[in-house]
Amino acid sequence: MKIGVISDTHIPVNSDSIPKKVLEAFKGVDMVIHAGDLVDLSVIDTLKGACKEVIAVAGNMDSQKVKTKLPEKEIIKVGNF
């Protein structure tokens with residue numbers, strides 16, 4: 001299983017969108033984990049365009065809106081791990 005990991009996208013504060021090169025790389029993975037600081041929930045939808053299974057947690061720079069939708073911590077099981 002291949003897992004893509006990304007964090008601190010800070011969209012739309014630091015950039016308008018996730019770079020196309022990153023999204024292309026994620027098309028070959030089974031799961032994407034966003035480790036916080038999305039800033040806007042639209043980042044999840046963008047990532048789902050590259051990979052159907054996206055798991056995300058809220059970071060310290062995320063808005064209250066994001067923090068109400070996403071947990072601060074999530075434990076996932078992948079295979080035997």
# chains A, B, ... in the order shown; residues from 1 in each chain; ligands from 1
call {"tool": "select_by_dssp", "arguments": {"residues": "chain A", "states": "strand (DSSP E or B)", "output": "JSON, numbers by chain"}}
result
{"A": [3, 4, 5, 6, 31, 32, 33, 34, 54, 55, 56]}
call {"tool": "residues_around", "arguments": {"residues": "A:Gly28", "least_positions_apart": "5", "cutoff": "9 Å", "atoms": "only C-alpha atoms", "output": "compact mmCIF listing (two decimals) with N, CA and C atoms, in the first residue's frame"}}
result
# COMPACT_ATOMS: atom_id res chain seq x y z
N LYS A 2 0.55 2.19 -0.84
CA LYS A 2 1.27 3.46 -0.90
C LYS A 2 0.42 4.54 -0.23
N GLY A 4 0.35 8.70 0.61
CA GLY A 4 0.90 10.04 0.42
C GLY A 4 0.64 10.86 1.67
N ALA A 50 -7.49 13.45 -6.55
CA ALA A 50 -6.33 12.63 -6.90
C ALA A 50 -6.39 11.25 -6.28
N CYS A 51 -7.00 11.16 -5.10
CA CYS A 51 -7.06 9.89 -4.36
C CYS A 51 -8.37 9.87 -3.58
call {"tool": "residues_around", "arguments": {"residues": "A:Gly49", "least_positions_apart": "3", "cutoff": "9 Å", "atoms": "only C-alpha atoms", "output": "mmCIF file with C-alpha atoms, in the first residue's frame"}}
result
data_model
loop_
_atom_site.group_PDB
_atom_site.id
_atom_site.type_symbol
_atom_site.label_atom_id
_atom_site.label_comp_id
_atom_site.auth_asym_id
_atom_site.auth_seq_id
_atom_site.Cartn_x
_atom_site.Cartn_y
_atom_site.Cartn_z
ATOM 1 C CA LEU A 23 -1.607 15.998 -7.156
ATOM 2 C CA LYS A 27 -2.776 9.704 -8.204
ATOM 3 C CA ILE A 44 -9.742 17.872 1.150
ATOM 4 C CA ASP A 45 -11.914 17.993 -1.975
ATOM 5 C CA THR A 46 -8.885 18.832 -4.097
ATOM 6 C CA LYS A 52 -10.458 8.752 -3.082
#
call {"tool": "closest_residue", "arguments": {"among": "A:Lys21, A:His34, A:Lys69, A:Lys77", "to": "A:Ala56", "atoms": "only C-alpha atoms"}}
result
A:His34
call {"tool": "residues_around", "arguments": {"residues": "A:Ile6", "least_positions_apart": "4", "cutoff": "9 Å", "atoms": "only C-alpha atoms", "output": "PDB file with N, CA and C atoms, in the first residue's frame"}}
result
ATOM      1  N   VAL A  32      -4.258   9.256   1.106  1.00  0.00           N
ATOM      2  CA  VAL A  32      -3.543  10.504   1.385  1.00  0.00           C
ATOM      3  C   VAL A  32      -3.867  10.919   2.806  1.00  0.00           C
ATOM      4  N   ILE A  33      -2.842  11.266   3.548  1.00  0.00           N
ATOM      5  CA  ILE A  33      -3.008  11.792   4.898  1.00  0.00           C
ATOM      6  C   ILE A  33      -2.566  13.247   4.887  1.00  0.00           C
ATOM      7  N   HIS A  34      -3.457  14.134   5.319  1.00  0.00           N
ATOM      8  CA  HIS A  34      -3.100  15.546   5.489  1.00  0.00           C
ATOM      9  C   HIS A  34      -2.931  15.779   6.982  1.00  0.00           C
ATOM     10  N   ALA A  35      -1.726  16.122   7.387  1.00  0.00           N
ATOM     11  CA  ALA A  35      -1.379  16.204   8.799  1.00  0.00           C
ATOM     12  C   ALA A  35      -1.587  17.587   9.406  1.00  0.00           C
ATOM     13  N   GLY A  36      -2.545  18.338   8.909  1.00  0.00           N
ATOM     14  CA  GLY A  36      -2.934  19.592   9.550  1.00  0.00           C
ATOM     15  C   GLY A  36      -2.483  20.852   8.844  1.00  0.00           C
TER      16      GLY A  36
END
call {"tool": "residues_around", "arguments": {"residues": "stretch 62-66 of chain A", "least_positions_apart": "4", "cutoff": "7 Å", "atoms": "only C-alpha atoms", "output": "list in words"}}
result
Asp37, Leu38, Val39, Asp40, Leu41, Ala58 and Leu70 of chain A
call {"tool": "write_last_selection", "arguments": {"atoms": "C-alpha atoms", "output": "short mmCIF file (atom, residue, chain, number, x, y, z; two decimals), in the first residue's frame"}}
result
data_model
loop_
_atom_site.label_atom_id
_atom_site.label_comp_id
_atom_site.auth_asym_id
_atom_site.auth_seq_id
_atom_site.Cartn_x
_atom_site.Cartn_y
_atom_site.Cartn_z
CA ASP A 37 -2.89 23.27 8.68
CA LEU A 38 -5.15 22.98 5.65
CA VAL A 39 -6.65 26.40 6.49
CA ASP A 40 -9.60 25.72 4.16
CA LEU A 41 -11.67 22.54 3.89
CA ALA A 58 -6.77 19.88 12.13
CA LEU A 70 -11.71 17.59 11.71
#
call {"tool": "closest_residue", "arguments": {"among": "A:Ile11, A:Val43, A:Val5, A:Ile76", "to": "A:Ala25", "atoms": "only C-alpha atoms"}}
result
A:Val5
